file start.txt (compact mmCIF, N, CA, C and O atoms)
# COMPACT_ATOMS: atom_id res chain seq x y z
N MET A 1 0.84 -1.18 0.00
CA MET A 1 0.00 0.00 0.00
C MET A 1 0.89 1.24 0.00
O MET A 1 1.77 1.39 0.83
N GLU A 2 0.64 2.13 -0.92
CA GLU A 2 1.44 3.34 -1.04
C GLU A 2 0.96 4.40 -0.06
O GLU A 2 -0.24 4.65 0.07
N GLU A 3 1.91 5.01 0.65
CA GLU A 3 1.57 6.04 1.63
C GLU A 3 1.44 7.38 0.91
O GLU A 3 2.26 7.73 0.07
N LYS A 4 0.39 8.13 1.24
CA LYS A 4 0.19 9.43 0.63
C LYS A 4 1.18 10.44 1.19
O LYS A 4 1.52 10.41 2.36
N CYS A 5 1.57 11.35 0.36
CA CYS A 5 2.41 12.47 0.79
C CYS A 5 1.56 13.38 1.67
O CYS A 5 0.39 13.61 1.39
N CYS A 6 2.17 13.88 2.74
CA CYS A 6 1.42 14.73 3.66
C CYS A 6 0.89 15.99 2.98
O CYS A 6 -0.08 16.58 3.43
N CYS A 7 1.50 16.39 1.89
CA CYS A 7 1.05 17.62 1.23
C CYS A 7 -0.25 17.41 0.46
O CYS A 7 -0.83 18.37 -0.02
N THR A 8 -0.73 16.18 0.35
CA THR A 8 -1.98 15.93 -0.35
C THR A 8 -3.16 15.83 0.61
O THR A 8 -4.29 15.74 0.18
N ARG A 9 -2.90 15.84 1.90
CA ARG A 9 -3.99 15.77 2.87
C ARG A 9 -4.64 17.14 2.98
O ARG A 9 -3.98 18.17 2.89
N THR A 10 -5.93 17.12 3.19
CA THR A 10 -6.67 18.38 3.35
C THR A 10 -7.61 18.27 4.54
O THR A 10 -7.90 17.17 5.01
N THR A 11 -8.09 19.39 4.98
CA THR A 11 -9.10 19.45 6.04
C THR A 11 -10.24 20.31 5.54
O THR A 11 -10.03 21.46 5.14
N ASP A 12 -11.43 19.75 5.55
CA ASP A 12 -12.61 20.52 5.16
C ASP A 12 -13.02 21.41 6.33
O ASP A 12 -13.16 20.95 7.46
N ARG A 13 -13.18 22.69 6.04
CA ARG A 13 -13.62 23.65 7.05
C ARG A 13 -14.84 24.37 6.52
O ARG A 13 -14.95 24.64 5.32
N THR A 14 -15.74 24.70 7.42
CA THR A 14 -16.91 25.47 7.01
C THR A 14 -16.49 26.89 6.68
O THR A 14 -15.41 27.36 7.10
N ASP A 15 -17.33 27.59 5.94
CA ASP A 15 -17.05 28.99 5.64
C ASP A 15 -16.95 29.80 6.93
O ASP A 15 -16.13 30.71 7.04
N GLU A 16 -17.78 29.45 7.91
CA GLU A 16 -17.76 30.14 9.20
C GLU A 16 -16.42 29.93 9.91
O GLU A 16 -15.84 30.87 10.46
N ASP A 17 -15.92 28.68 9.90
CA ASP A 17 -14.62 28.39 10.51
C ASP A 17 -13.50 29.14 9.80
O ASP A 17 -12.61 29.71 10.45
N LYS A 18 -13.53 29.14 8.49
CA LYS A 18 -12.50 29.86 7.72
C LYS A 18 -12.52 31.35 8.05
O LYS A 18 -11.47 31.98 8.21
N LYS A 19 -13.72 31.90 8.15
CA LYS A 19 -13.87 33.33 8.45
C LYS A 19 -13.28 33.64 9.83
O LYS A 19 -12.57 34.65 10.00
N ALA A 20 -13.57 32.78 10.81
CA ALA A 20 -13.05 33.00 12.17
C ALA A 20 -11.53 32.88 12.19
O ALA A 20 -10.85 33.69 12.85
N LEU A 21 -10.98 31.90 11.48
CA LEU A 21 -9.52 31.74 11.44
C LEU A 21 -8.88 32.92 10.71
O LEU A 21 -7.84 33.44 11.15
N ASP A 22 -9.49 33.35 9.61
CA ASP A 22 -8.97 34.52 8.89
C ASP A 22 -8.95 35.76 9.78
O ASP A 22 -8.00 36.55 9.75
N ALA A 23 -10.00 35.94 10.58
CA ALA A 23 -10.06 37.10 11.47
C ALA A 23 -8.91 37.07 12.48
O ALA A 23 -8.26 38.09 12.74
N ARG A 24 -8.65 35.88 13.04
CA ARG A 24 -7.53 35.75 13.99
C ARG A 24 -6.20 36.06 13.32
O ARG A 24 -5.36 36.77 13.87
N ILE A 25 -6.02 35.51 12.13
CA ILE A 25 -4.77 35.74 11.40
C ILE A 25 -4.61 37.20 11.05
O ILE A 25 -3.51 37.77 11.19
N ASN A 26 -5.68 37.85 10.63
CA ASN A 26 -5.61 39.27 10.29
C ASN A 26 -5.24 40.11 11.51
O ASN A 26 -4.49 41.09 11.39
N ARG A 27 -5.74 39.72 12.69
CA ARG A 27 -5.36 40.44 13.92
C ARG A 27 -3.87 40.28 14.19
O ARG A 27 -3.19 41.24 14.57
N ILE A 28 -3.36 39.07 13.99
CA ILE A 28 -1.93 38.81 14.22
C ILE A 28 -1.09 39.62 13.24
O ILE A 28 -0.09 40.24 13.63
N VAL A 29 -1.50 39.64 11.99
CA VAL A 29 -0.78 40.44 10.98
C VAL A 29 -0.81 41.92 11.37
O VAL A 29 0.21 42.62 11.26
N GLY A 30 -1.95 42.37 11.85
CA GLY A 30 -2.05 43.77 12.29
C GLY A 30 -1.11 44.05 13.46
O GLY A 30 -0.46 45.11 13.51
N GLN A 31 -1.03 43.11 14.39
CA GLN A 31 -0.12 43.27 15.52
C GLN A 31 1.34 43.33 15.03
O GLN A 31 2.13 44.15 15.51
N LEU A 32 1.69 42.46 14.09
CA LEU A 32 3.04 42.46 13.54
C LEU A 32 3.36 43.77 12.84
O LEU A 32 4.46 44.33 12.99
N ASN A 33 2.40 44.28 12.07
CA ASN A 33 2.61 45.57 11.41
C ASN A 33 2.76 46.69 12.43
O ASN A 33 3.55 47.63 12.23
N GLY A 34 2.03 46.59 13.53
CA GLY A 34 2.17 47.57 14.60
C GLY A 34 3.57 47.57 15.18
O GLY A 34 4.16 48.63 15.45
N ILE A 35 4.14 46.38 15.37
CA ILE A 35 5.51 46.29 15.89
C ILE A 35 6.50 46.84 14.89
O ILE A 35 7.45 47.54 15.26
N LYS A 36 6.26 46.56 13.62
CA LYS A 36 7.15 47.11 12.58
C LYS A 36 7.16 48.64 12.66
O LYS A 36 8.22 49.27 12.60
N ASN A 37 5.98 49.23 12.85
CA ASN A 37 5.89 50.69 12.98
C ASN A 37 6.56 51.17 14.26
O ASN A 37 7.20 52.24 14.26
N MET A 38 6.41 50.43 15.34
CA MET A 38 7.03 50.81 16.60
C MET A 38 8.55 50.85 16.46
O MET A 38 9.21 51.76 16.97
N ILE A 39 9.08 49.88 15.76
CA ILE A 39 10.54 49.84 15.54
C ILE A 39 10.96 51.02 14.68
O ILE A 39 11.96 51.70 14.97
N ALA A 40 10.20 51.29 13.62
CA ALA A 40 10.52 52.43 12.75
C ALA A 40 10.46 53.75 13.51
O ALA A 40 11.23 54.68 13.22
N ASP A 41 9.58 53.82 14.51
CA ASP A 41 9.43 55.04 15.32
C ASP A 41 10.36 55.07 16.53
O ASP A 41 10.24 55.96 17.38
N ASN A 42 11.27 54.08 16.61
CA ASN A 42 12.22 54.00 17.73
C ASN A 42 11.53 53.94 19.08
O ASN A 42 11.99 54.53 20.06
N ARG A 43 10.43 53.20 19.16
CA ARG A 43 9.71 53.07 20.41
C ARG A 43 10.54 52.29 21.42
O ARG A 43 11.44 51.53 21.09
N TYR A 44 10.21 52.47 22.67
CA TYR A 44 10.91 51.86 23.80
C TYR A 44 10.85 50.33 23.69
O TYR A 44 9.80 49.74 23.38
N CYS A 45 11.99 49.68 23.93
CA CYS A 45 12.10 48.22 23.82
C CYS A 45 11.05 47.50 24.66
O CYS A 45 10.46 46.51 24.20
N GLY A 46 10.83 47.98 25.87
CA GLY A 46 9.86 47.33 26.74
C GLY A 46 8.46 47.32 26.14
O GLY A 46 7.73 46.32 26.25
N ASP A 47 8.08 48.42 25.49
CA ASP A 47 6.77 48.49 24.84
C ASP A 47 6.67 47.48 23.69
O ASP A 47 5.64 46.83 23.50
N ILE A 48 7.74 47.35 22.92
CA ILE A 48 7.77 46.39 21.82
C ILE A 48 7.68 44.97 22.35
O ILE A 48 6.95 44.13 21.81
N LEU A 49 8.41 44.70 23.42
CA LEU A 49 8.38 43.36 24.01
C LEU A 49 6.99 42.99 24.53
O LEU A 49 6.56 41.84 24.40
N ILE A 50 6.29 43.96 25.07
CA ILE A 50 4.92 43.71 25.53
C ILE A 50 4.04 43.32 24.34
O ILE A 50 3.24 42.38 24.42
N GLN A 51 4.21 44.02 23.24
CA GLN A 51 3.43 43.69 22.04
C GLN A 51 3.82 42.33 21.47
O GLN A 51 2.98 41.58 20.99
N LEU A 52 5.10 42.00 21.53
CA LEU A 52 5.54 40.68 21.07
C LEU A 52 4.94 39.58 21.93
O LEU A 52 4.55 38.52 21.43
N SER A 53 4.82 39.83 23.22
CA SER A 53 4.19 38.86 24.11
C SER A 53 2.72 38.67 23.73
O SER A 53 2.21 37.54 23.74
N ALA A 54 2.06 39.75 23.37
CA ALA A 54 0.66 39.66 22.96
C ALA A 54 0.53 38.85 21.68
O ALA A 54 -0.39 38.03 21.54
N ILE A 55 1.45 39.04 20.75
CA ILE A 55 1.43 38.26 19.50
C ILE A 55 1.68 36.80 19.80
O ILE A 55 1.01 35.92 19.23
N ASP A 56 2.61 36.51 20.68
CA ASP A 56 2.90 35.13 21.05
C ASP A 56 1.63 34.46 21.58
O ASP A 56 1.30 33.34 21.18
N LYS A 57 0.90 35.15 22.42
CA LYS A 57 -0.34 34.59 22.97
C LYS A 57 -1.39 34.42 21.88
O LYS A 57 -2.14 33.43 21.88
N SER A 58 -1.45 35.36 20.95
CA SER A 58 -2.41 35.26 19.85
C SER A 58 -2.11 34.06 18.96
O SER A 58 -3.02 33.34 18.55
N VAL A 59 -0.84 33.85 18.66
CA VAL A 59 -0.45 32.71 17.82
C VAL A 59 -0.73 31.40 18.55
O VAL A 59 -1.25 30.45 17.96
N LYS A 60 -0.42 31.35 19.82
CA LYS A 60 -0.70 30.13 20.60
C LYS A 60 -2.19 29.86 20.67
O LYS A 60 -2.62 28.70 20.60
N SER A 61 -2.99 30.89 20.79
CA SER A 61 -4.43 30.73 20.83
C SER A 61 -4.95 30.19 19.49
O SER A 61 -5.80 29.30 19.45
N LEU A 62 -4.43 30.72 18.38
CA LEU A 62 -4.79 30.23 17.06
C LEU A 62 -4.40 28.76 16.91
O LEU A 62 -5.19 27.94 16.44
N ALA A 63 -3.20 28.42 17.33
CA ALA A 63 -2.74 27.03 17.27
C ALA A 63 -3.63 26.12 18.09
O ALA A 63 -3.97 25.01 17.67
N SER A 64 -4.06 26.59 19.24
CA SER A 64 -4.93 25.80 20.11
C SER A 64 -6.27 25.53 19.44
O SER A 64 -6.80 24.41 19.51
N VAL A 65 -6.83 26.52 18.79
CA VAL A 65 -8.10 26.35 18.09
C VAL A 65 -7.96 25.31 16.98
O VAL A 65 -8.79 24.42 16.82
N ILE A 66 -6.88 25.42 16.20
CA ILE A 66 -6.68 24.48 15.10
C ILE A 66 -6.38 23.09 15.62
O ILE A 66 -6.87 22.09 15.10
N LEU A 67 -5.58 22.99 16.68
CA LEU A 67 -5.26 21.68 17.27
C LEU A 67 -6.53 21.02 17.81
O LEU A 67 -6.76 19.82 17.60
N ASN A 68 -7.36 21.78 18.49
CA ASN A 68 -8.62 21.26 19.01
C ASN A 68 -9.49 20.71 17.88
O ASN A 68 -10.04 19.60 17.98
N SER A 69 -9.60 21.47 16.83
CA SER A 69 -10.38 21.03 15.67
C SER A 69 -9.77 19.77 15.06
O SER A 69 -10.50 18.83 14.70
N HIS A 70 -8.47 19.73 14.95
CA HIS A 70 -7.77 18.59 14.37
C HIS A 70 -8.06 17.31 15.15
O HIS A 70 -8.35 16.27 14.58
N VAL A 71 -7.97 17.40 16.46
CA VAL A 71 -8.21 16.23 17.30
C VAL A 71 -9.66 15.75 17.15
O VAL A 71 -9.91 14.55 17.03
N HIS A 72 -10.60 16.68 17.13
CA HIS A 72 -12.02 16.30 17.10
C HIS A 72 -12.54 15.94 15.71
O HIS A 72 -13.64 15.37 15.61
N THR A 73 -11.79 16.24 14.67
CA THR A 73 -12.27 15.92 13.32
C THR A 73 -11.32 14.94 12.64
O THR A 73 -11.63 13.76 12.53
N CYS A 74 -10.19 15.42 12.22
CA CYS A 74 -9.24 14.61 11.44
C CYS A 74 -8.80 13.36 12.19
O CYS A 74 -8.80 12.26 11.63
N MET A 75 -8.42 13.54 13.44
CA MET A 75 -7.91 12.40 14.20
C MET A 75 -9.00 11.37 14.48
O MET A 75 -8.76 10.18 14.36
N VAL A 76 -10.17 11.82 14.85
CA VAL A 76 -11.27 10.90 15.11
C VAL A 76 -11.58 10.11 13.84
O VAL A 76 -11.73 8.89 13.87
N ARG A 77 -11.65 10.81 12.73
CA ARG A 77 -11.92 10.15 11.44
C ARG A 77 -10.86 9.09 11.14
O ARG A 77 -11.18 7.95 10.78
N ASP A 78 -9.59 9.44 11.30
CA ASP A 78 -8.50 8.51 10.99
C ASP A 78 -8.51 7.31 11.94
O ASP A 78 -8.31 6.17 11.51
N ILE A 79 -8.73 7.54 13.21
CA ILE A 79 -8.76 6.43 14.18
C ILE A 79 -9.93 5.51 13.88
O ILE A 79 -9.79 4.28 13.89
N GLN A 80 -11.08 6.08 13.56
CA GLN A 80 -12.24 5.26 13.24
C GLN A 80 -12.01 4.42 11.98
O GLN A 80 -12.58 3.34 11.85
N SER A 81 -11.16 4.90 11.08
CA SER A 81 -10.88 4.13 9.87
C SER A 81 -9.65 3.23 10.04
O SER A 81 -9.17 2.65 9.08
N GLY A 82 -9.15 3.13 11.29
CA GLY A 82 -8.06 2.19 11.58
C GLY A 82 -6.66 2.74 11.39
O GLY A 82 -5.69 2.01 11.49
N LYS A 83 -6.52 4.02 11.15
CA LYS A 83 -5.20 4.64 10.95
C LYS A 83 -4.65 5.09 12.29
O LYS A 83 -4.60 6.27 12.62
N LEU A 84 -4.17 4.13 13.07
CA LEU A 84 -3.72 4.42 14.43
C LEU A 84 -2.39 5.16 14.48
O LEU A 84 -2.00 5.68 15.52
N GLU A 85 -1.69 5.27 13.35
CA GLU A 85 -0.43 6.01 13.32
C GLU A 85 -0.65 7.50 13.61
O GLU A 85 0.30 8.22 13.94
N VAL A 86 -1.90 7.96 13.53
CA VAL A 86 -2.17 9.36 13.84
C VAL A 86 -1.94 9.66 15.32
O VAL A 86 -1.75 10.82 15.68
N VAL A 87 -1.92 8.64 16.15
CA VAL A 87 -1.62 8.86 17.57
C VAL A 87 -0.20 9.40 17.71
O VAL A 87 0.04 10.34 18.48
N ASP A 88 0.75 8.84 16.94
CA ASP A 88 2.12 9.35 16.96
C ASP A 88 2.15 10.80 16.46
O ASP A 88 2.90 11.62 16.98
N GLU A 89 1.33 11.09 15.47
CA GLU A 89 1.28 12.45 14.93
C GLU A 89 0.84 13.44 16.00
O GLU A 89 1.44 14.49 16.18
N ILE A 90 -0.20 13.09 16.74
CA ILE A 90 -0.70 14.03 17.75
C ILE A 90 0.29 14.20 18.89
O ILE A 90 0.45 15.29 19.42
N VAL A 91 0.98 13.13 19.24
CA VAL A 91 2.02 13.23 20.28
C VAL A 91 3.09 14.21 19.82
O VAL A 91 3.53 15.09 20.58
N ASP A 92 3.52 14.10 18.56
CA ASP A 92 4.52 15.02 18.02
C ASP A 92 4.01 16.46 18.00
O ASP A 92 4.74 17.39 18.31
N LEU A 93 2.74 16.63 17.65
CA LEU A 93 2.18 17.97 17.63
C LEU A 93 2.14 18.59 19.02
O LEU A 93 2.48 19.76 19.20
N PHE A 94 1.74 17.79 20.02
CA PHE A 94 1.72 18.30 21.39
C PHE A 94 3.12 18.70 21.84
O PHE A 94 3.29 19.71 22.53
N LYS A 95 4.14 17.94 21.45
CA LYS A 95 5.52 18.28 21.83
C LYS A 95 5.91 19.64 21.27
O LYS A 95 6.64 20.41 21.91
N ARG A 96 5.45 19.96 20.09
CA ARG A 96 5.79 21.24 19.46
C ARG A 96 5.21 22.45 20.21
O ARG A 96 5.73 23.55 20.11
N PHE A 97 4.12 22.22 20.92
CA PHE A 97 3.44 23.33 21.57
C PHE A 97 3.67 23.39 23.08
O PHE A 97 2.96 24.06 23.79
N GLN A 98 4.69 22.70 23.56
CA GLN A 98 5.02 22.78 24.99
C GLN A 98 5.83 24.00 25.28
O GLN A 98 6.52 24.55 24.55

call {"tool": "encode", "arguments": {"input": "start.txt", "output": "structure tokens"}}
result
Amino acid sequence: MEEKCCCTRTTDRTDEDKKALDARINRIVGQLNGIKNMIADNRYCGDILIQLSAIDKSVKSLASVILNSHVHTCMVRDIQSGKLEVVDEIVDLFKRFQ
């Protein structure tokens, strides 16, 4: 049996889910642009670091939403179809977010 390349896997998302994820990403991009402007304006390092911390939390929150969805959709589907190797995948994913 030939194993599929990971780049061919997809996840179906509702338009509502895509819209919510896009909104989160747009906020993160806005925060990054704000930091770029702060640096250009020679703003105080501490203020920039505070904003970087906020971005870090925003990215982690986005990752958490996607990880939660992944576990409840993709992983459940794969386990139900007998693809138990996804357990190793989720373990690796959790390690990345520690």

call {"tool": "residues_around", "arguments": {"input": "start.txt", "residues": "stretch 54-58 of chain A", "least_positions_apart": "6", "cutoff": "7 Å", "atoms": "all atoms listed in the file", "output": "JSON, numbers by chain"}}
result
{"A": [24, 28, 31, 32, 48, 64]}

call {"tool": "residues_around", "arguments": {"input": "start.txt", "residues": "A:Val71", "least_positions_apart": "4", "cutoff": "10 Å", "atoms": "only C-alpha atoms", "output": "list in words"}}
result
Ile66, Leu67, Met75, Val76, Arg77, Asp78, Val86, Val87 and Ile90 of chain A

call {"tool": "atom_distance", "arguments": {"input": "start.txt", "atom1": "atom N of A:Ile39", "atom2": "atom CA of A:Phe97"}}
result
27.8 Å

call {"tool": "atom_distance", "arguments": {"input": "start.txt", "atom1": "atom O of A:Ile35", "atom2": "atom CA of A:Gln51"}}
result
8.8 Å

call {"tool": "residues_around", "arguments": {"input": "start.txt", "residues": "A:Glu89", "least_positions_apart": "4", "cutoff": "12 Å", "atoms": "only C-alpha atoms", "output": "list in words"}}
result
Cys6, Leu67, His70, Val71, Cys74, Met75, Asp78, Ile79, Lys83, Leu84, Glu85, Leu93, Phe94, Lys95 and Arg96 of chain A
